Each structure stands twice: as C-alpha cells, then as structure tokens.
file query-v8.pdb (PDB, C-alpha atoms, pLDDT in the B column)
MODEL        1
ATOM      1  CA  MET A   1     -50.373 -13.531 -40.494  1.00 41.00           C
ATOM      2  CA  LYS A   2     -52.268 -12.292 -37.420  1.00 40.00           C
ATOM      3  CA  ILE A   3     -49.910 -14.292 -35.197  1.00 38.00           C
ATOM      4  CA  LEU A   4     -46.853 -12.707 -36.836  1.00 39.00           C
ATOM      5  CA  THR A   5     -48.406  -9.252 -36.459  1.00 40.00           C
ATOM      6  CA  ALA A   6     -48.775  -9.843 -32.722  1.00 41.00           C
ATOM      7  CA  ILE A   7     -45.351 -11.422 -32.181  1.00 39.00           C
ATOM      8  CA  ILE A   8     -43.194  -8.895 -34.068  1.00 36.00           C
ATOM      9  CA  PRO A   9     -43.898  -5.943 -31.685  1.00 40.00           C
ATOM     10  CA  MET A  10     -43.148  -8.205 -28.726  1.00 39.00           C
ATOM     11  CA  LEU A  11     -39.812  -9.234 -30.217  1.00 37.00           C
ATOM     12  CA  LEU A  12     -38.934  -5.605 -30.911  1.00 36.00           C
ATOM     13  CA  SER A  13     -39.766  -4.649 -27.323  1.00 41.00           C
ATOM     14  CA  LEU A  14     -37.591  -7.450 -25.971  1.00 36.00           C
ATOM     15  CA  ALA A  15     -34.696  -6.353 -28.209  1.00 39.00           C
ATOM     16  CA  VAL A  16     -34.959  -2.735 -26.987  1.00 35.00           C
ATOM     17  CA  PHE A  17     -35.104  -3.922 -23.364  1.00 33.00           C
ATOM     18  CA  ALA A  18     -32.014  -6.095 -23.822  1.00 36.00           C
ATOM     19  CA  ALA A  19     -30.094  -3.230 -25.451  1.00 38.00           C
ATOM     20  CA  ASN A  20     -30.983  -0.828 -22.639  1.00 38.00           C
ATOM     21  CA  ALA A  21     -30.032  -3.381 -19.994  1.00 35.00           C
ATOM     22  CA  THR A  22     -26.657  -3.894 -21.649  1.00 34.00           C
ATOM     23  CA  ALA A  23     -26.026  -0.142 -21.797  1.00 35.00           C
ATOM     24  CA  GLN A  24     -26.614   0.384 -18.064  1.00 33.00           C
ATOM     25  CA  PRO A  25     -23.448   0.589 -15.927  1.00 32.00           C
ATOM     26  CA  SER A  26     -22.861  -2.453 -13.774  1.00 31.00           C
ATOM     27  CA  ALA A  27     -23.498  -2.070 -10.059  1.00 30.00           C
ATOM     28  CA  THR A  28     -21.264  -5.009  -9.185  1.00 36.00           C
ATOM     29  CA  PRO A  29     -17.743  -4.309  -7.859  1.00 47.00           C
ATOM     30  CA  ALA A  30     -14.724  -4.557 -10.142  1.00 63.00           C
ATOM     31  CA  SER A  31     -13.340  -8.040 -10.495  1.00 69.00           C
ATOM     32  CA  GLY A  32     -10.005  -9.473 -11.452  1.00 94.00           C
ATOM     33  CA  THR A  33      -6.460  -9.012 -10.230  1.00 96.00           C
ATOM     34  CA  ALA A  34      -4.675  -5.657 -10.257  1.00 97.00           C
ATOM     35  CA  THR A  35      -1.342  -4.377  -8.967  1.00 98.00           C
ATOM     36  CA  ALA A  36      -0.168  -1.373  -6.976  1.00 98.00           C
ATOM     37  CA  ILE A  37       3.323  -0.217  -5.988  1.00 98.00           C
ATOM     38  CA  PHE A  38       4.179   1.294  -2.601  1.00 98.00           C
ATOM     39  CA  ALA A  39       7.389   2.203  -0.794  1.00 98.00           C
ATOM     40  CA  GLY A  40       7.629   2.644   2.951  1.00 98.00           C
ATOM     41  CA  GLY A  41      11.171   2.016   4.027  1.00 97.00           C
ATOM     42  CA  CYS A  42      12.364  -1.559   4.513  1.00 97.00           C
ATOM     43  CA  PHE A  43      10.498  -3.694   1.998  1.00 98.00           C
ATOM     44  CA  TRP A  44      10.474  -6.668   4.381  1.00 98.00           C
ATOM     45  CA  CYS A  45       8.097  -4.725   6.624  1.00 98.00           C
ATOM     46  CA  VAL A  46       5.899  -3.288   3.870  1.00 98.00           C
ATOM     47  CA  GLU A  47       5.540  -6.732   2.311  1.00 98.00           C
ATOM     48  CA  ALA A  48       4.624  -8.301   5.648  1.00 98.00           C
ATOM     49  CA  ASP A  49       2.067  -5.583   6.424  1.00 98.00           C
ATOM     50  CA  PHE A  50       0.283  -5.830   3.079  1.00 98.00           C
ATOM     51  CA  GLU A  51       0.105  -9.614   3.121  1.00 98.00           C
ATOM     52  CA  LYS A  52      -1.987  -9.320   6.295  1.00 97.00           C
ATOM     53  CA  LEU A  53      -4.668  -7.316   4.458  1.00 98.00           C
ATOM     54  CA  PRO A  54      -7.690  -9.333   3.255  1.00 98.00           C
ATOM     55  CA  GLY A  55      -7.963  -9.238  -0.529  1.00 98.00           C
ATOM     56  CA  VAL A  56      -4.217  -9.010  -1.100  1.00 98.00           C
ATOM     57  CA  ILE A  57      -3.010 -12.014  -3.079  1.00 98.00           C
ATOM     58  CA  LYS A  58       0.715 -11.414  -2.681  1.00 98.00           C
ATOM     59  CA  ALA A  59       3.285  -8.702  -2.103  1.00 98.00           C
ATOM     60  CA  GLU A  60       6.708  -8.764  -3.751  1.00 98.00           C
ATOM     61  CA  SER A  61       9.801  -6.858  -2.682  1.00 98.00           C
ATOM     62  CA  GLY A  62      11.764  -5.005  -5.324  1.00 98.00           C
ATOM     63  CA  TYR A  63      13.357  -1.811  -6.589  1.00 98.00           C
ATOM     64  CA  THR A  64      11.916   1.021  -8.659  1.00 98.00           C
ATOM     65  CA  GLY A  65      12.287   4.710  -9.449  1.00 96.00           C
ATOM     66  CA  GLY A  66      15.965   4.619 -10.365  1.00 95.00           C
ATOM     67  CA  ARG A  67      18.172   4.958 -13.407  1.00 93.00           C
ATOM     68  CA  VAL A  68      19.996   1.609 -13.445  1.00 93.00           C
ATOM     69  CA  GLY A  69      18.629  -1.567 -14.982  1.00 95.00           C
ATOM     70  CA  ASN A  70      18.445  -4.735 -12.873  1.00 96.00           C
ATOM     71  CA  PRO A  71      19.983  -3.236  -9.729  1.00 97.00           C
ATOM     72  CA  THR A  72      21.251  -5.390  -6.889  1.00 97.00           C
ATOM     73  CA  TYR A  73      20.469  -4.955  -3.209  1.00 97.00           C
ATOM     74  CA  GLU A  74      24.048  -3.833  -2.582  1.00 96.00           C
ATOM     75  CA  GLN A  75      23.749  -1.113  -5.228  1.00 96.00           C
ATOM     76  CA  VAL A  76      20.386   0.152  -4.030  1.00 97.00           C
ATOM     77  CA  SER A  77      21.239   0.103  -0.323  1.00 95.00           C
ATOM     78  CA  ALA A  78      24.396   2.086  -1.066  1.00 94.00           C
ATOM     79  CA  GLY A  79      22.202   4.829  -2.521  1.00 92.00           C
ATOM     80  CA  GLY A  80      23.928   5.181  -5.869  1.00 86.00           C
ATOM     81  CA  THR A  81      21.212   4.063  -8.303  1.00 95.00           C
ATOM     82  CA  GLY A  82      18.309   6.382  -7.502  1.00 95.00           C
ATOM     83  CA  HIS A  83      16.160   3.342  -6.790  1.00 97.00           C
ATOM     84  CA  ILE A  84      13.926   2.907  -3.800  1.00 98.00           C
ATOM     85  CA  GLU A  85      12.997  -0.216  -1.875  1.00 98.00           C
ATOM     86  CA  ALA A  86       9.386  -0.875  -2.859  1.00 98.00           C
ATOM     87  CA  VAL A  87       6.684  -3.517  -2.850  1.00 98.00           C
ATOM     88  CA  ARG A  88       4.405  -4.584  -5.692  1.00 98.00           C
ATOM     89  CA  VAL A  89       1.018  -5.614  -4.339  1.00 98.00           C
ATOM     90  CA  SER A  90      -1.254  -7.952  -6.307  1.00 98.00           C
ATOM     91  CA  TYR A  91      -4.841  -7.807  -5.088  1.00 98.00           C
ATOM     92  CA  ASP A  92      -8.348  -9.047  -5.827  1.00 98.00           C
ATOM     93  CA  GLN A  93     -10.446  -6.029  -6.815  1.00 97.00           C
ATOM     94  CA  SER A  94     -13.661  -7.764  -5.762  1.00 97.00           C
ATOM     95  CA  LYS A  95     -12.354  -7.956  -2.182  1.00 97.00           C
ATOM     96  CA  VAL A  96     -10.311  -4.800  -1.709  1.00 98.00           C
ATOM     97  CA  SER A  97     -10.174  -1.566  -3.690  1.00 98.00           C
ATOM     98  CA  TYR A  98      -7.196   0.577  -4.620  1.00 98.00           C
ATOM     99  CA  GLU A  99      -8.612   3.318  -2.404  1.00 98.00           C
ATOM    100  CA  GLN A 100      -8.626   0.925   0.550  1.00 98.00           C
ATOM    101  CA  LEU A 101      -5.026  -0.045  -0.183  1.00 98.00           C
ATOM    102  CA  LEU A 102      -4.088   3.628  -0.088  1.00 98.00           C
ATOM    103  CA  GLU A 103      -5.829   4.214   3.233  1.00 97.00           C
ATOM    104  CA  TYR A 104      -4.095   1.165   4.681  1.00 98.00           C
ATOM    105  CA  PHE A 105      -0.694   2.195   3.296  1.00 98.00           C
ATOM    106  CA  TRP A 106      -0.702   5.649   4.894  1.00 97.00           C
ATOM    107  CA  ARG A 107      -1.063   4.068   8.323  1.00 96.00           C
ATOM    108  CA  GLN A 108       1.878   1.732   7.804  1.00 97.00           C
ATOM    109  CA  ILE A 109       4.366   4.564   7.179  1.00 98.00           C
ATOM    110  CA  ASP A 110       5.576   7.840   8.659  1.00 97.00           C
ATOM    111  CA  PRO A 111       4.736  10.464   6.000  1.00 97.00           C
ATOM    112  CA  THR A 112       6.133  13.296   8.140  1.00 96.00           C
ATOM    113  CA  VAL A 113       9.796  12.627   7.296  1.00 97.00           C
ATOM    114  CA  LYS A 114      11.826  13.033   4.114  1.00 96.00           C
ATOM    115  CA  ASP A 115      14.299  10.527   2.670  1.00 97.00           C
ATOM    116  CA  ARG A 116      13.986   8.050   5.505  1.00 97.00           C
ATOM    117  CA  GLN A 117      11.601   5.686   7.284  1.00 98.00           C
ATOM    118  CA  PHE A 118      12.167   4.829  10.916  1.00 98.00           C
ATOM    119  CA  CYS A 119      15.770   3.667  11.447  1.00 97.00           C
ATOM    120  CA  ASP A 120      16.560   3.466   7.713  1.00 97.00           C
ATOM    121  CA  VAL A 121      18.022   6.721   6.422  1.00 97.00           C
ATOM    122  CA  GLY A 122      18.549   7.732   2.794  1.00 97.00           C
ATOM    123  CA  ALA A 123      16.554   8.426  -0.354  1.00 96.00           C
ATOM    124  CA  GLN A 124      16.473   4.697  -1.065  1.00 97.00           C
ATOM    125  CA  TYR A 125      14.198   4.344   1.979  1.00 98.00           C
ATOM    126  CA  ARG A 126      11.851   7.243   1.301  1.00 97.00           C
ATOM    127  CA  SER A 127       8.103   6.660   1.279  1.00 98.00           C
ATOM    128  CA  ALA A 128       6.362   6.771  -2.089  1.00 98.00           C
ATOM    129  CA  ILE A 129       3.289   5.775  -4.068  1.00 98.00           C
ATOM    130  CA  PHE A 130       3.803   4.848  -7.711  1.00 98.00           C
ATOM    131  CA  TYR A 131       0.565   5.073  -9.675  1.00 98.00           C
ATOM    132  CA  ALA A 132      -0.323   3.344 -12.946  1.00 97.00           C
ATOM    133  CA  GLY A 133      -2.783   5.287 -15.091  1.00 96.00           C
ATOM    134  CA  ASP A 134      -5.080   8.248 -14.566  1.00 97.00           C
ATOM    135  CA  ALA A 135      -7.528   6.452 -12.279  1.00 97.00           C
ATOM    136  CA  GLN A 136      -4.832   5.506  -9.776  1.00 97.00           C
ATOM    137  CA  GLN A 137      -3.312   8.983  -9.968  1.00 98.00           C
ATOM    138  CA  ARG A 138      -6.655  10.609  -9.131  1.00 98.00           C
ATOM    139  CA  ALA A 139      -7.194   8.164  -6.289  1.00 98.00           C
ATOM    140  CA  VAL A 140      -3.747   8.921  -4.822  1.00 98.00           C
ATOM    141  CA  GLN A 141      -4.282  12.677  -5.005  1.00 97.00           C
ATOM    142  CA  ALA A 142      -7.723  12.374  -3.397  1.00 97.00           C
ATOM    143  CA  SER A 143      -6.323  10.139  -0.666  1.00 97.00           C
ATOM    144  CA  LYS A 144      -3.523  12.581   0.118  1.00 96.00           C
ATOM    145  CA  ALA A 145      -5.968  15.512   0.179  1.00 95.00           C
ATOM    146  CA  ALA A 146      -8.233  13.619   2.592  1.00 94.00           C
ATOM    147  CA  LEU A 147      -5.260  12.935   4.846  1.00 93.00           C
ATOM    148  CA  GLN A 148      -4.279  16.609   4.849  1.00 92.00           C
ATOM    149  CA  LYS A 149      -7.817  17.607   5.800  1.00 92.00           C
ATOM    150  CA  LEU A 150      -7.495  15.661   9.029  1.00 87.00           C
ATOM    151  CA  GLY A 151      -5.094  18.382  10.175  1.00 82.00           C
ATOM    152  CA  ARG A 152      -2.886  16.120  12.277  1.00 80.00           C
ATOM    153  CA  ILE A 153       0.024  16.085   9.798  1.00 87.00           C
ATOM    154  CA  ALA A 154       1.470  19.426   8.744  1.00 84.00           C
ATOM    155  CA  ASN A 155       3.665  18.217   5.894  1.00 92.00           C
ATOM    156  CA  ILE A 156       3.431  15.023   3.859  1.00 96.00           C
ATOM    157  CA  TYR A 157       6.765  14.099   2.302  1.00 97.00           C
ATOM    158  CA  THR A 158       5.613  10.892   0.639  1.00 98.00           C
ATOM    159  CA  GLU A 159       6.537  10.996  -3.035  1.00 97.00           C
ATOM    160  CA  ILE A 160       3.812  10.500  -5.669  1.00 97.00           C
ATOM    161  CA  ALA A 161       5.087   9.461  -9.097  1.00 97.00           C
ATOM    162  CA  MET A 162       4.175   7.476 -12.177  1.00 98.00           C
ATOM    163  CA  ALA A 163       5.156   3.828 -11.991  1.00 98.00           C
ATOM    164  CA  GLY A 164       8.164   2.777 -14.012  1.00 97.00           C
ATOM    165  CA  PRO A 165      10.101  -0.479 -14.296  1.00 97.00           C
ATOM    166  CA  PHE A 166       9.884  -2.648 -11.191  1.00 98.00           C
ATOM    167  CA  TYR A 167      12.772  -5.026 -10.543  1.00 98.00           C
ATOM    168  CA  LEU A 168      12.191  -7.956  -8.219  1.00 98.00           C
ATOM    169  CA  ALA A 169      14.607  -8.133  -5.315  1.00 98.00           C
ATOM    170  CA  GLU A 170      16.752 -11.189  -4.750  1.00 98.00           C
ATOM    171  CA  ASP A 171      14.985 -14.393  -3.671  1.00 98.00           C
ATOM    172  CA  TYR A 172      16.207 -14.208  -0.087  1.00 97.00           C
ATOM    173  CA  HIS A 173      14.324 -10.914   0.363  1.00 98.00           C
ATOM    174  CA  GLN A 174      10.980 -12.365  -0.737  1.00 98.00           C
ATOM    175  CA  ASP A 175       8.818 -13.389   2.238  1.00 98.00           C
ATOM    176  CA  TYR A 176      11.724 -12.620   4.533  1.00 98.00           C
ATOM    177  CA  TYR A 177       9.370 -12.303   7.502  1.00 98.00           C
ATOM    178  CA  LYS A 178       8.258 -15.911   6.930  1.00 98.00           C
ATOM    179  CA  LYS A 179      11.674 -17.385   6.182  1.00 98.00           C
ATOM    180  CA  ASN A 180      13.447 -15.629   9.061  1.00 98.00           C
ATOM    181  CA  PRO A 181      10.757 -14.730  11.617  1.00 98.00           C
ATOM    182  CA  VAL A 182      13.109 -14.240  14.577  1.00 98.00           C
ATOM    183  CA  ARG A 183      15.521 -11.985  12.690  1.00 98.00           C
ATOM    184  CA  TYR A 184      12.627 -10.087  11.139  1.00 98.00           C
ATOM    185  CA  LYS A 185      10.930  -9.411  14.472  1.00 98.00           C
ATOM    186  CA  PHE A 186      14.238  -8.380  16.025  1.00 98.00           C
ATOM    187  CA  TYR A 187      14.927  -5.940  13.177  1.00 98.00           C
ATOM    188  CA  ARG A 188      11.428  -4.460  13.260  1.00 98.00           C
ATOM    189  CA  LEU A 189      11.524  -3.974  17.026  1.00 98.00           C
ATOM    190  CA  ASN A 190      15.000  -2.401  17.039  1.00 98.00           C
ATOM    191  CA  CYS A 191      14.075  -0.148  14.140  1.00 98.00           C
ATOM    192  CA  GLY A 192      11.241   1.313  16.215  1.00 98.00           C
ATOM    193  CA  ARG A 193       8.731   1.007  13.388  1.00 98.00           C
ATOM    194  CA  ASP A 194       5.642   0.094  15.387  1.00 97.00           C
ATOM    195  CA  ALA A 195       6.481   2.491  18.212  1.00 97.00           C
ATOM    196  CA  ARG A 196       6.733   5.387  15.762  1.00 97.00           C
ATOM    197  CA  LEU A 197       3.545   4.371  13.953  1.00 97.00           C
ATOM    198  CA  ALA A 198       1.725   4.514  17.283  1.00 96.00           C
ATOM    199  CA  GLN A 199       3.044   8.054  17.798  1.00 95.00           C
ATOM    200  CA  VAL A 200       1.926   9.214  14.353  1.00 94.00           C
ATOM    201  CA  TRP A 201      -1.428   7.426  14.081  1.00 93.00           C
ATOM    202  CA  GLY A 202      -2.352   6.359  17.586  1.00 89.00           C
ATOM    203  CA  THR A 203      -2.749   2.845  18.893  1.00 78.00           C
ATOM    204  CA  LYS A 204      -6.189   2.115  17.391  1.00 66.00           C
TER     205      LYS A 204
ENDMDL
END
call {"tool": "encode", "arguments": {"input": "query-v8.pdb", "output": "structure tokens"}}
result
Amino acid sequence: MKILTAIIPMLLSLAVFAANATAQPSATPASGTATAIFAGGCFWCVEADFEKLPGVIKAESGYTGGRVGNPTYEQVSAGGTGHIEAVRVSYDQSKVSYEQLLEYFWRQIDPTVKDRQFCDVGAQYRSAIFYAGDAQQRAVQASKAALQKLGRIANIYTEIAMAGPFYLAEDYHQDYYKKNPVRYKFYRLNCGRDARLAQVWGTK
C-alpha cells in the first residue's frame, strides 16, 4: 500500500508532463511536400529557373486563370481563353519555405510591366502569383509589401489571385530546357530575359 501511495503521484506527474509537452508548438520546420503556382511569362523559363532552386522537387508547365477547360497551347497563345502560362512548383517544406519561393520568384520576373514579360506580349504572358489558402495569401501580400518598401519599383503589376484549376501543358513543353537546350538558350537570349532582369534587380 505504501508503495502504491508513493508511485501514484509520480505517475500523475509524468502524465501531466507528457500532456504539456504534447500541447507545446513544435519548433521543427514544416515537413512534407506542398505546391505553389507562379506565372512569369514563358513557362519554359520559369520552370527552368525554379528547378535550379534547392528544395524544389519539380516544376510543371501549364495553364491557369482562364475560362476554358483543358485548353491547348494554340488556344492559350492566341489569347482567347483568358488563361496564362504558369508553372506549378512542388517543393519540400523542410528545405525551402513558401516565403523563400516568393522572394526567389520576384527576382525571376519583371513586375514593372503589365500584360507582358520580356519579348512575350499579351495577357497570357502576364506575371502572377496564384495562392492556395489564407496562409499563402498572407505570405504573398507581405512579400509584395516588403518589395514595395525597397522603393526601387514604383508600380508592381504582378497579379495576385486565388488558385483555380491548373491544366498541364502538352508533354513537349515539360522540361523543354532539358529536351531542347540549344533552342531554349537561343530563345531566352533573344528574348532578352536575363538582360532585363539585370536592369531591374542588378547583377548580384
């Protein structure tokens, strides 16, 4: 009986400690795979840029933001569907955060122009961030506000909208920069993408 009297308080203390430990918020970073959708002109280039970023698992070219189901490249590039060339990024949250993706994205686009990016002109090539859920929306708004505080960009024309259906582009568009490296490099150079990025953001 004396042994039980001594053990019971110890067990109760251990139970309270375990409950409190479980209730504490975890200090470890988020884990698992998440997705984000960005548009920055030609999806070949956006896909290639994001797949260079550590923590990104893959980037897929596609179409979103329009009013036609299962659009084709010909339809979207003609500008008649309301869709935009975009990229869906799958990433490891333990290696890169959504906020870091946002910071990286801004510096891969020219946010100072409307309905175009570099040599590609039209609403189908506008820059945009499509958020999923309140947390992403808050992160996008905070990221844009931080960019505006820098004072180097007067107007930011990049669209911010809730994510809708994302349609994968045709197979030949996926990993285009790997499948056709010479053509890709020629297009990117002639489009003046990197030269303009250096003007907007500097060379560092």
call {"tool": "resolve_selection", "arguments": {"input": "query-v8.pdb", "expression": "the PyMOL selection byres ((chain A and resi 168) around 7)", "output": "compact mmCIF listing (two decimals) with C-alpha atoms, in the frame of the given file"}}
result
# COMPACT_ATOMS: atom_id res chain seq x y z
CA SER A 61 9.80 -6.86 -2.68
CA GLY A 62 11.76 -5.00 -5.32
CA TYR A 63 13.36 -1.81 -6.59
CA PHE A 166 9.88 -2.65 -11.19
CA TYR A 167 12.77 -5.03 -10.54
CA ALA A 169 14.61 -8.13 -5.32
CA GLU A 170 16.75 -11.19 -4.75
call {"tool": "closest_atom_pairs", "arguments": {"input": "query-v8.pdb", "of": "segment 133-171 of chain A", "to": "segment 92-100 of chain A", "cutoff": "9 Å", "atoms": "all atoms listed in the file", "output": "Markdown table"}}
result
| residue | atom | partner | partner_atom | distance |
| --- | --- | --- | --- | --- |
| A:Gln136 | CA | A:Tyr98 | CA | 7.5 |
| A:Ala139 | CA | A:Glu99 | CA | 6.4 |
| A:Val140 | CA | A:Glu99 | CA | 7.8 |
| A:Ser143 | CA | A:Glu99 | CA | 7.4 |
call {"tool": "residues_around", "arguments": {"input": "query-v8.pdb", "residues": "Gly79 of chain A", "least_positions_apart": "6", "cutoff": "9 Å", "atoms": "only C-alpha atoms", "output": "list in words"}}
result
Gly122, Ala123 and Gln124 of chain A
call {"tool": "residues_around", "arguments": {"input": "query-v8.pdb", "residues": "segment 65-75 of chain A", "least_positions_apart": "3", "cutoff": "12 Å", "atoms": "only C-alpha atoms", "output": "VMD selection string"}}
result
chain A and resid 37 to 39 42 to 43 61 to 62 78 to 87 123 to 131 159 to 173
call {"tool": "write_last_selection", "arguments": {"input": "query-v8.pdb", "atoms": "C-alpha atoms", "output": "mmCIF file, in the frame of the given file"}}
result
data_model
loop_
_atom_site.group_PDB
_atom_site.id
_atom_site.type_symbol
_atom_site.label_atom_id
_atom_site.label_comp_id
_atom_site.auth_asym_id
_atom_site.auth_seq_id
_atom_site.Cartn_x
_atom_site.Cartn_y
_atom_site.Cartn_z
ATOM 1 C CA ILE A 37 3.323 -0.217 -5.988
ATOM 2 C CA PHE A 38 4.179 1.294 -2.601
ATOM 3 C CA ALA A 39 7.389 2.203 -0.794
ATOM 4 C CA CYS A 42 12.364 -1.559 4.513
ATOM 5 C CA PHE A 43 10.498 -3.694 1.998
ATOM 6 C CA SER A 61 9.801 -6.858 -2.682
ATOM 7 C CA GLY A 62 11.764 -5.005 -5.324
ATOM 8 C CA ALA A 78 24.396 2.086 -1.066
ATOM 9 C CA GLY A 79 22.202 4.829 -2.521
ATOM 10 C CA GLY A 80 23.928 5.181 -5.869
ATOM 11 C CA THR A 81 21.212 4.063 -8.303
ATOM 12 C CA GLY A 82 18.309 6.382 -7.502
ATOM 13 C CA HIS A 83 16.160 3.342 -6.790
ATOM 14 C CA ILE A 84 13.926 2.907 -3.800
ATOM 15 C CA GLU A 85 12.997 -0.216 -1.875
ATOM 16 C CA ALA A 86 9.386 -0.875 -2.859
ATOM 17 C CA VAL A 87 6.684 -3.517 -2.850
ATOM 18 C CA ALA A 123 16.554 8.426 -0.354
ATOM 19 C CA GLN A 124 16.473 4.697 -1.065
ATOM 20 C CA TYR A 125 14.198 4.344 1.979
ATOM 21 C CA ARG A 126 11.851 7.243 1.301
ATOM 22 C CA SER A 127 8.103 6.660 1.279
ATOM 23 C CA ALA A 128 6.362 6.771 -2.089
ATOM 24 C CA ILE A 129 3.289 5.775 -4.068
ATOM 25 C CA PHE A 130 3.803 4.848 -7.711
ATOM 26 C CA TYR A 131 0.565 5.073 -9.675
ATOM 27 C CA GLU A 159 6.537 10.996 -3.035
ATOM 28 C CA ILE A 160 3.812 10.500 -5.669
ATOM 29 C CA ALA A 161 5.087 9.461 -9.097
ATOM 30 C CA MET A 162 4.175 7.476 -12.177
ATOM 31 C CA ALA A 163 5.156 3.828 -11.991
ATOM 32 C CA GLY A 164 8.164 2.777 -14.012
ATOM 33 C CA PRO A 165 10.101 -0.479 -14.296
ATOM 34 C CA PHE A 166 9.884 -2.648 -11.191
ATOM 35 C CA TYR A 167 12.772 -5.026 -10.543
ATOM 36 C CA LEU A 168 12.191 -7.956 -8.219
ATOM 37 C CA ALA A 169 14.607 -8.133 -5.315
ATOM 38 C CA GLU A 170 16.752 -11.189 -4.750
ATOM 39 C CA ASP A 171 14.985 -14.393 -3.671
ATOM 40 C CA TYR A 172 16.207 -14.208 -0.087
ATOM 41 C CA HIS A 173 14.324 -10.914 0.363
#
call {"tool": "atom_distance", "arguments": {"input": "query-v8.pdb", "atom1": "atom CA of Arg188 of chain A", "atom2": "atom CA of Val121 of chain A"}}
result
14.7 Å
call {"tool": "closest_residue", "arguments": {"input": "query-v8.pdb", "among": "A:Leu102, A:Ile57, A:Val46, A:Ala195", "to": "Gln141 of chain A", "atoms": "only C-alpha atoms"}}
result
A:Leu102
call {"tool": "resolve_selection", "arguments": {"input": "query-v8.pdb", "expression": "the PyMOL selection byres ((chain A and resi 108) around 12)", "output": "ChimeraX atom specification"}}
result
/A:38-43,45-50,52-53,101-107,109-111,117-118,127-128,193-202
call {"tool": "write_last_selection", "arguments": {"input": "query-v8.pdb", "atoms": "C-alpha atoms", "output": "PDB file, keeping the file's coordinate frame"}}
result
ATOM      1  CA  PHE A  38       4.179   1.294  -2.601  1.00 98.00           C
ATOM      2  CA  ALA A  39       7.389   2.203  -0.794  1.00 98.00           C
ATOM      3  CA  GLY A  40       7.629   2.644   2.951  1.00 98.00           C
ATOM      4  CA  GLY A  41      11.171   2.016   4.027  1.00 97.00           C
ATOM      5  CA  CYS A  42      12.364  -1.559   4.513  1.00 97.00           C
ATOM      6  CA  PHE A  43      10.498  -3.694   1.998  1.00 98.00           C
ATOM      7  CA  CYS A  45       8.097  -4.725   6.624  1.00 98.00           C
ATOM      8  CA  VAL A  46       5.899  -3.288   3.870  1.00 98.00           C
ATOM      9  CA  GLU A  47       5.540  -6.732   2.311  1.00 98.00           C
ATOM     10  CA  ALA A  48       4.624  -8.301   5.648  1.00 98.00           C
ATOM     11  CA  ASP A  49       2.067  -5.583   6.424  1.00 98.00           C
ATOM     12  CA  PHE A  50       0.283  -5.830   3.079  1.00 98.00           C
ATOM     13  CA  LYS A  52      -1.987  -9.320   6.295  1.00 97.00           C
ATOM     14  CA  LEU A  53      -4.668  -7.316   4.458  1.00 98.00           C
ATOM     15  CA  LEU A 101      -5.026  -0.045  -0.183  1.00 98.00           C
ATOM     16  CA  LEU A 102      -4.088   3.628  -0.088  1.00 98.00           C
ATOM     17  CA  GLU A 103      -5.829   4.214   3.233  1.00 97.00           C
ATOM     18  CA  TYR A 104      -4.095   1.165   4.681  1.00 98.00           C
ATOM     19  CA  PHE A 105      -0.694   2.195   3.296  1.00 98.00           C
ATOM     20  CA  TRP A 106      -0.702   5.649   4.894  1.00 97.00           C
ATOM     21  CA  ARG A 107      -1.063   4.068   8.323  1.00 96.00           C
ATOM     22  CA  ILE A 109       4.366   4.564   7.179  1.00 98.00           C
ATOM     23  CA  ASP A 110       5.576   7.840   8.659  1.00 97.00           C
ATOM     24  CA  PRO A 111       4.736  10.464   6.000  1.00 97.00           C
ATOM     25  CA  GLN A 117      11.601   5.686   7.284  1.00 98.00           C
ATOM     26  CA  PHE A 118      12.167   4.829  10.916  1.00 98.00           C
ATOM     27  CA  SER A 127       8.103   6.660   1.279  1.00 98.00           C
ATOM     28  CA  ALA A 128       6.362   6.771  -2.089  1.00 98.00           C
ATOM     29  CA  ARG A 193       8.731   1.007  13.388  1.00 98.00           C
ATOM     30  CA  ASP A 194       5.642   0.094  15.387  1.00 97.00           C
ATOM     31  CA  ALA A 195       6.481   2.491  18.212  1.00 97.00           C
ATOM     32  CA  ARG A 196       6.733   5.387  15.762  1.00 97.00           C
ATOM     33  CA  LEU A 197       3.545   4.371  13.953  1.00 97.00           C
ATOM     34  CA  ALA A 198       1.725   4.514  17.283  1.00 96.00           C
ATOM     35  CA  GLN A 199       3.044   8.054  17.798  1.00 95.00           C
ATOM     36  CA  VAL A 200       1.926   9.214  14.353  1.00 94.00           C
ATOM     37  CA  TRP A 201      -1.428   7.426  14.081  1.00 93.00           C
ATOM     38  CA  GLY A 202      -2.352   6.359  17.586  1.00 89.00           C
TER      39      GLY A 202
END
call {"tool": "atom_distance", "arguments": {"input": "query-v8.pdb", "atom1": "atom CA of Glu51 of chain A", "atom2": "atom CA of Tyr177 of chain A"}}
result
10.6 Å
call {"tool": "atom_distance", "arguments": {"input": "query-v8.pdb", "atom1": "atom CA of Gln137 of chain A", "atom2": "atom CA of Thr33 of chain A"}}
result
18.3 Å
call {"tool": "closest_residue", "arguments": {"input": "query-v8.pdb", "among": "A:Gly151, A:Ala36, A:Gly55, A:Trp44", "to": "Arg183 of chain A", "atoms": "all atoms listed in the file"}}
result
A:Trp44
call {"tool": "closest_residue", "arguments": {"input": "query-v8.pdb", "among": "A:Arg138, A:Lys58, A:Gln174, A:Val113", "to": "Thr158 of chain A", "atoms": "all atoms listed in the file"}}
result
A:Val113
